[in-house]
Amino acid sequence: MLETMTTAIESLRDKDVSFADIRHESHASTQINVTNGIIRRFGRATKSGTVARALVGECWGMSSTSESLSSNVCKNLVSEAVRSAKANARFSRKSLDLSDVQPIEKTVWQKCQLDPAKVSTDEKLELVMSLDKAQKIDDRIVNTNSVYNDSKIVFQLVNTVGSKLEWDELRITSVVQSVAREGNRMQFDYGVKGGSAGYELLKSINPEEFGGNCAKGAIELLSAEKPPSGSMTVISDGDISGLIAHEVCGHASEADEVVKKRSFLTDMVGVQVGTDQVTLVDDGTLEGVSGRIPFDSEGTPSSRTIIIKNGVYEGYLHTLETASLMGVLPTGNGRSQDYNRRVFARMTNTFFDSGDWKNEEIISETKEGLYVLKTLSGMEDVVGGGVQCSALKGYIIKNGELTQLVRSMTLAGKVLDILKTVDAVGDTLHFSGGGACGKGEEDFISVSHGGPHMRAEMVVGGG
Amino acid sequence: MNIADIADKILSVSEKSGATQAEVYAIRVRTASTYIDDNIPKIGGSMIETGFGLKYIIGKKIGFSSSTLAQEKPQDLVERAISLARVNNEDEKFVSLPEPKKVSDSADRFHDSSTASADSTILMEKAMEVVQGASCDNVTVPNGSLRTSSATFHIRNSLGVDVGSKGTIAFGFFTAKSEDNGSVGEGVQRCWSREINSIDYHGLGQMLKEQALSMLKAKPFKEKWEDSVAVLAPSEGTEMVYNLIGFAVSGENVNKRSSPWSDKMGEKVASENITVIDNGLSERGLLSSIVDDEGVPTQKTTILENGILRSYIFDSYNANQLELQSTGNGIRRTARELAGRFSSPAVCAGTTMEVRPGTKSVDDIIGEIKQGIYVEHFAWPIVDAMSGNFSNEIRNARIIENGELGNPIKYALWVGNLYESIKGSVLVANNPEIHDKRVMPTIAFPNTEIVGQ
């Protein structure tokens, strides 16, 4: 396959095209969904496709197909990509210089202890059924949902500078969700375990504990009260800290938003943006977590990028294009959802780094505040630097102790104000068990977010 | 070979290998796109994807497999589904795949040839009309995308379903950034249509510009208003209303008891001003088609009539459990993304949710409100559909006081419970718009809070 792609890219002779690449992807995944003890979905999906990109001036053309790869298919894709790039290039104001891109020839296959493809379907079914059964702890649990998902994507990439790459990405996830009902009140809780790993990750699950705790959480939320609203001291758990890292700081650090000065973090390198306890990192090399990638969708090796170090803003997340425009090295953050979608600057594993506080200390040394747990959703505000992070639940803190359980709230505020109030950072990092990140409402990719417990001043709105 | 012939072949192999029942879903999607970046068309793209999904049933044991068939043959797809069905547990709730039903309309009723044939060059020109409409000295269009898709799908099952439909979608998303003496504002506009030539691109750009410029004047909201009315523009309100009502009336959620309306048929669950229809044949609907993704003829189902719950929506699996007929709501496609939809079996979901417009204009409605807010854009409008709770960050909004639209504001949260709010004095305007899989007007939601930051 690489040979066919290489032949097509080498046969491209067009003086207007300064760079081109071809990427092939083969996706395979297994899904098991169990609802109320019944298997609602047991499926195995495959898809494969090829995409070619061409750069003319500062404009790109891309063309993709799910047809079988052949030399004709490859050549047609390249030709169509060039045609589109040339059409756009009449608006081009400059030429991008990607001549510094270095050729790489490498094959990287992910290692795991237990290849999910070699684990029997019986064992996977048994796991999901046991997770579902474990949630039936009380008559108030009216609905149980349990999910198993594994996926493997194999990539081949060639480009006009001579790179020839092959690699794969393996991910596995299990999710439980319990719904509790009492009268007209309904609440849910969830649990996720997942990452860039083999089946060994799910082998470590104790179903009774994983499923049972989820159900217990849903029942407890039935008696949760409406949270307070307004500005207050918030202690976020690692999950919520990670969501803030991802949605607000992470998206605004994607360099495509910086080169066109859309991001509120434009021209911030060297500026103190938070207290010295704030360090923010994006690291695509982290083993085991969902955003781990050996190469990005342009064939750049993944890397660890310090975004904020001890409160001082340090750097952005780059594609080949943005690195060229800003005169720095690409960071391996040029990613696309799949062969049908564009490549642009995206995160991998984004997290606030740990500090030196014990989690219990942060709570016990807070006189009044709100302890907020478990993410529901978040949305970036690249222009304004605002926060919208929704959480499942929390506890009101009074005199250093957790008191009333409260439900469903949103954290808001300006992130640059929030980071300047961070005065306690926990010593234990927590990463999300997996997740899909969209940008501009679509283009979903696998990432993780993470962080320690953190204390800061934020606005809370409770529904 | 066309997709219907390949579907035939997969079905034939399935039947010969011993399937009690089998269903093949085949879809071919052609997409053209252009991406605006910093005022220019940065990427032009084209995509063609063909895929197949197979549901293979042995008794009550079901296996599902899917493929683009680029690297494997129909036989491989069938064998994979067989292997899953064999080891699967029996699904006692499964009754049958749908029986064939008469379909009277033409398969291309919802297909627009101009949209289907648009390439990235045509899209580039239209997207640049948006940029030209938005641009001025202190407003730029940093991000935008315009995409057209045409989809042809076909369903074959072993009970005789042999039917397909075609459709087209045009979708655009644009942001504008305004700047003035260090202050910044953002505008966000989306456009949706089945017909690429029906969209006013220059006008969209002008709205984008006005929105972005208006935000330069926005003042931080520092108060807390309880018992307030929020008037939501269709782009925002439709997202929340669909997520709430679409969840509550889903036959799947009713059967598994996660819907708060699972025992409320015939009861008043909302204001008498609210009438909601799921319309699989909506003239403006992006997912409109003569059959759903299981091959069941689509229909018009009244869900809420003057606030009274009249019907749930059903795919065949969930309808059969209650000995009812499918309402043509076995859905795989989404309005935003038609690629990859063969990878999942049909689920119970809305087609196009239409809210019956009222008689009053938006200005009339605002004129009736003593204290509230008019919201054009949230960070993202979300609601917990089980409890109805929400708290959304307001990005573009203006306050309403004594029936007058006031200053633009920023940094505020809109907080409340949507199940409770829609039982109150909801006001529905007369300006329905298409957004994603909804056709709804501006709606005013009472009994909510606005919390300043």
# chains A, B, ... in the order shown; residues from 1 in each chain; ligands from 1

call {"tool": "interface_residues", "arguments": {"of": "chain A", "to": "chain B", "cutoff": "7 Å", "atoms": "only C-alpha atoms", "output": "ChimeraX atom specification"}}
result
/A:38-39,42-48,59-68,84-85,87-88,91,122,142-143,179,185-187,230-231,260,262,340,379,383,388,409-410,413,459,461-463

call {"tool": "select_by_dssp", "arguments": {"residues": "range 95-201 of chain A", "states": "alpha helix (DSSP H)", "output": "list of chain:residue names"}}
result
A:Thr121, A:Asp122, A:Glu123, A:Lys124, A:Leu125, A:Glu126, A:Leu127, A:Val128, A:Met129, A:Ser130, A:Leu131, A:Asp132, A:Lys133, A:Ala134, A:Glu200, A:Leu201

call {"tool": "write_last_selection", "arguments": {"atoms": "all heavy atoms", "output": "short mmCIF file (atom, residue, chain, number, x, y, z; two decimals), in the first residue's frame"}}
result
data_model
loop_
_atom_site.label_atom_id
_atom_site.label_comp_id
_atom_site.auth_asym_id
_atom_site.auth_seq_id
_atom_site.Cartn_x
_atom_site.Cartn_y
_atom_site.Cartn_z
N THR A 121 -15.09 -13.10 22.40
CA THR A 121 -16.29 -12.26 22.52
C THR A 121 -17.10 -12.66 23.75
O THR A 121 -17.75 -11.82 24.36
CB THR A 121 -17.17 -12.37 21.26
OG1 THR A 121 -17.24 -13.73 20.89
CG2 THR A 121 -16.60 -11.59 20.11
N ASP A 122 -17.01 -13.93 24.13
CA ASP A 122 -17.71 -14.37 25.34
C ASP A 122 -17.23 -13.59 26.56
O ASP A 122 -18.02 -13.18 27.41
CB ASP A 122 -17.47 -15.88 25.58
CG ASP A 122 -18.35 -16.73 24.69
OD1 ASP A 122 -19.36 -16.18 24.18
OD2 ASP A 122 -18.04 -17.90 24.49
N GLU A 123 -15.91 -13.42 26.63
CA GLU A 123 -15.35 -12.72 27.79
C GLU A 123 -15.80 -11.26 27.81
O GLU A 123 -16.13 -10.70 28.85
CB GLU A 123 -13.82 -12.82 27.78
CG GLU A 123 -13.21 -12.21 29.03
CD GLU A 123 -11.71 -12.46 29.16
OE1 GLU A 123 -11.17 -13.34 28.45
OE2 GLU A 123 -11.08 -11.77 29.99
N LYS A 124 -15.81 -10.64 26.63
CA LYS A 124 -16.24 -9.23 26.56
C LYS A 124 -17.72 -9.11 26.95
O LYS A 124 -18.11 -8.21 27.69
CB LYS A 124 -16.03 -8.69 25.14
CG LYS A 124 -14.56 -8.56 24.75
CD LYS A 124 -14.43 -8.23 23.27
CE LYS A 124 -12.99 -8.29 22.83
NZ LYS A 124 -12.82 -8.24 21.37
N LEU A 125 -18.53 -10.04 26.43
CA LEU A 125 -19.96 -10.01 26.76
C LEU A 125 -20.17 -10.19 28.26
O LEU A 125 -21.00 -9.51 28.88
CB LEU A 125 -20.69 -11.13 26.02
CG LEU A 125 -21.03 -10.89 24.56
CD1 LEU A 125 -21.59 -12.16 23.93
CD2 LEU A 125 -22.03 -9.76 24.42
N GLU A 126 -19.40 -11.11 28.83
CA GLU A 126 -19.54 -11.39 30.26
C GLU A 126 -19.21 -10.14 31.08
O GLU A 126 -19.87 -9.82 32.06
CB GLU A 126 -18.59 -12.54 30.63
CG GLU A 126 -18.89 -13.14 31.99
CD GLU A 126 -17.94 -14.29 32.30
OE1 GLU A 126 -17.56 -15.02 31.36
OE2 GLU A 126 -17.56 -14.43 33.46
N LEU A 127 -18.16 -9.43 30.65
CA LEU A 127 -17.77 -8.21 31.36
C LEU A 127 -18.92 -7.19 31.34
O LEU A 127 -19.31 -6.65 32.38
CB LEU A 127 -16.53 -7.59 30.72
CG LEU A 127 -16.18 -6.19 31.22
CD1 LEU A 127 -15.66 -6.24 32.66
CD2 LEU A 127 -15.15 -5.51 30.32
N VAL A 128 -19.47 -6.96 30.16
CA VAL A 128 -20.51 -5.92 30.05
C VAL A 128 -21.77 -6.33 30.81
O VAL A 128 -22.40 -5.52 31.49
CB VAL A 128 -20.85 -5.61 28.57
CG1 VAL A 128 -21.68 -4.34 28.48
CG2 VAL A 128 -19.59 -5.41 27.77
N MET A 129 -22.12 -7.61 30.71
CA MET A 129 -23.31 -8.07 31.44
C MET A 129 -23.10 -7.93 32.95
O MET A 129 -24.03 -7.57 33.69
CB MET A 129 -23.62 -9.53 31.08
CG MET A 129 -24.07 -9.75 29.64
SD MET A 129 -25.58 -8.85 29.19
CE MET A 129 -26.83 -9.87 29.93
N SER A 130 -21.88 -8.21 33.41
CA SER A 130 -21.63 -8.10 34.85
C SER A 130 -21.67 -6.65 35.31
O SER A 130 -22.11 -6.35 36.42
CB SER A 130 -20.31 -8.78 35.23
OG SER A 130 -19.23 -8.07 34.66
N LEU A 131 -21.21 -5.75 34.46
CA LEU A 131 -21.29 -4.32 34.80
C LEU A 131 -22.74 -3.88 34.93
O LEU A 131 -23.10 -3.09 35.80
CB LEU A 131 -20.60 -3.47 33.73
CG LEU A 131 -19.08 -3.60 33.63
CD1 LEU A 131 -18.57 -2.81 32.43
CD2 LEU A 131 -18.41 -3.10 34.90
N ASP A 132 -23.58 -4.41 34.04
CA ASP A 132 -24.98 -4.02 34.07
C ASP A 132 -25.68 -4.58 35.30
O ASP A 132 -26.46 -3.89 35.97
CB ASP A 132 -25.67 -4.50 32.78
CG ASP A 132 -26.75 -3.53 32.33
OD1 ASP A 132 -26.40 -2.36 32.07
OD2 ASP A 132 -27.92 -3.94 32.28
N LYS A 133 -25.37 -5.84 35.58
CA LYS A 133 -25.99 -6.50 36.74
C LYS A 133 -25.59 -5.79 38.04
O LYS A 133 -26.40 -5.64 38.95
CB LYS A 133 -25.52 -7.96 36.77
CG LYS A 133 -26.25 -8.83 37.76
CD LYS A 133 -25.77 -10.26 37.65
CE LYS A 133 -26.37 -11.09 38.76
NZ LYS A 133 -25.75 -12.43 38.81
N ALA A 134 -24.34 -5.34 38.10
CA ALA A 134 -23.84 -4.72 39.32
C ALA A 134 -24.55 -3.41 39.65
O ALA A 134 -24.49 -2.92 40.77
CB ALA A 134 -22.34 -4.47 39.18
N GLU A 200 -6.18 -5.43 28.84
CA GLU A 200 -5.70 -5.49 30.22
C GLU A 200 -6.28 -4.34 31.07
O GLU A 200 -6.48 -4.50 32.27
CB GLU A 200 -4.17 -5.48 30.28
CG GLU A 200 -3.47 -4.20 29.84
CD GLU A 200 -3.29 -4.09 28.33
OE1 GLU A 200 -3.76 -4.99 27.62
OE2 GLU A 200 -2.70 -3.09 27.86
N LEU A 201 -6.56 -3.21 30.43
CA LEU A 201 -7.09 -2.07 31.17
C LEU A 201 -8.46 -2.40 31.77
O LEU A 201 -8.76 -2.05 32.91
CB LEU A 201 -7.22 -0.85 30.24
CG LEU A 201 -7.65 0.44 30.91
CD1 LEU A 201 -6.54 1.00 31.80
CD2 LEU A 201 -8.05 1.48 29.88
#

call {"tool": "closest_residue", "arguments": {"among": "A:Gly315, A:Gly451, A:Gly191, A:Gly284", "to": "Val258 in chain A", "atoms": "only C-alpha atoms"}}
result
A:Gly315

call {"tool": "select_by_dssp", "arguments": {"residues": "range 248-311 of chain B", "states": "strand (DSSP E)", "output": "NGL selection string"}}
result
:B and (276-279 or 300-305 or 308-309)

call {"tool": "closest_residue", "arguments": {"among": "A:Asn36, A:Thr300, A:Ser26, A:Gln110", "to": "Phe155 in chain A", "atoms": "only C-alpha atoms"}}
result
A:Ser26

call {"tool": "residues_around", "arguments": {"residues": "range 301-309 of chain A", "least_positions_apart": "3", "cutoff": "6 Å", "atoms": "only C-alpha atoms", "output": "PDB file with N, CA and C atoms, in the first residue's frame"}}
result
ATOM      1  N   THR A 279       0.628  25.072  36.063  1.00  0.00           N
ATOM      2  CA  THR A 279       1.422  24.567  34.940  1.00  0.00           C
ATOM      3  C   THR A 279       0.498  23.731  34.057  1.00  0.00           C
ATOM      4  N   LEU A 280       0.508  24.030  32.761  1.00  0.00           N
ATOM      5  CA  LEU A 280      -0.403  23.366  31.822  1.00  0.00           C
ATOM      6  C   LEU A 280       0.400  22.704  30.703  1.00  0.00           C
ATOM      7  N   VAL A 281       0.036  21.459  30.383  1.00  0.00           N
ATOM      8  CA  VAL A 281       0.825  20.660  29.444  1.00  0.00           C
ATOM      9  C   VAL A 281      -0.101  19.993  28.438  1.00  0.00           C
ATOM     10  N   ASP A 282       0.364  19.855  27.199  1.00  0.00           N
ATOM     11  CA  ASP A 282      -0.283  18.948  26.237  1.00  0.00           C
ATOM     12  C   ASP A 282       0.764  17.914  25.853  1.00  0.00           C
ATOM     13  N   ASP A 283       0.446  16.647  26.010  1.00  0.00           N
ATOM     14  CA  ASP A 283       1.466  15.615  25.809  1.00  0.00           C
ATOM     15  C   ASP A 283       0.880  14.416  25.060  1.00  0.00           C
ATOM     16  N   GLY A 284       1.172  14.347  23.765  1.00  0.00           N
ATOM     17  CA  GLY A 284       0.681  13.235  22.943  1.00  0.00           C
ATOM     18  C   GLY A 284       1.496  11.970  23.093  1.00  0.00           C
ATOM     19  N   THR A 285       2.584  12.046  23.859  1.00  0.00           N
ATOM     20  CA  THR A 285       3.425  10.844  24.017  1.00  0.00           C
ATOM     21  C   THR A 285       3.030  10.026  25.247  1.00  0.00           C
ATOM     22  N   PRO A 294       1.372   8.263  18.166  1.00  0.00           N
ATOM     23  CA  PRO A 294       2.787   8.275  17.793  1.00  0.00           C
ATOM     24  C   PRO A 294       3.109   9.408  16.818  1.00  0.00           C
ATOM     25  N   PHE A 295       2.182   9.634  15.869  1.00  0.00           N
ATOM     26  CA  PHE A 295       2.323  10.717  14.895  1.00  0.00           C
ATOM     27  C   PHE A 295       0.968  11.411  14.768  1.00  0.00           C
ATOM     28  N   VAL A 312       3.484  31.214  33.887  1.00  0.00           N
ATOM     29  CA  VAL A 312       3.931  32.018  32.739  1.00  0.00           C
ATOM     30  C   VAL A 312       3.609  31.280  31.439  1.00  0.00           C
ATOM     31  N   TYR A 313       2.986  31.997  30.505  1.00  0.00           N
ATOM     32  CA  TYR A 313       2.592  31.381  29.240  1.00  0.00           C
ATOM     33  C   TYR A 313       3.826  31.074  28.388  1.00  0.00           C
ATOM     34  N   GLU A 314       3.920  29.823  27.876  1.00  0.00           N
ATOM     35  CA  GLU A 314       5.142  29.433  27.160  1.00  0.00           C
ATOM     36  C   GLU A 314       4.946  29.156  25.680  1.00  0.00           C
ATOM     37  N   GLY A 315       3.896  28.427  25.282  1.00  0.00           N
ATOM     38  CA  GLY A 315       3.864  28.070  23.860  1.00  0.00           C
ATOM     39  C   GLY A 315       2.566  27.452  23.399  1.00  0.00           C
ATOM     40  N   THR A 331       4.645  20.620  16.641  1.00  0.00           N
ATOM     41  CA  THR A 331       4.563  19.881  17.904  1.00  0.00           C
ATOM     42  C   THR A 331       3.798  18.570  17.772  1.00  0.00           C
ATOM     43  N   GLY A 332       3.355  18.227  16.553  1.00  0.00           N
ATOM     44  CA  GLY A 332       2.600  16.977  16.391  1.00  0.00           C
ATOM     45  C   GLY A 332       1.151  17.133  16.800  1.00  0.00           C
TER      46      GLY A 332
END
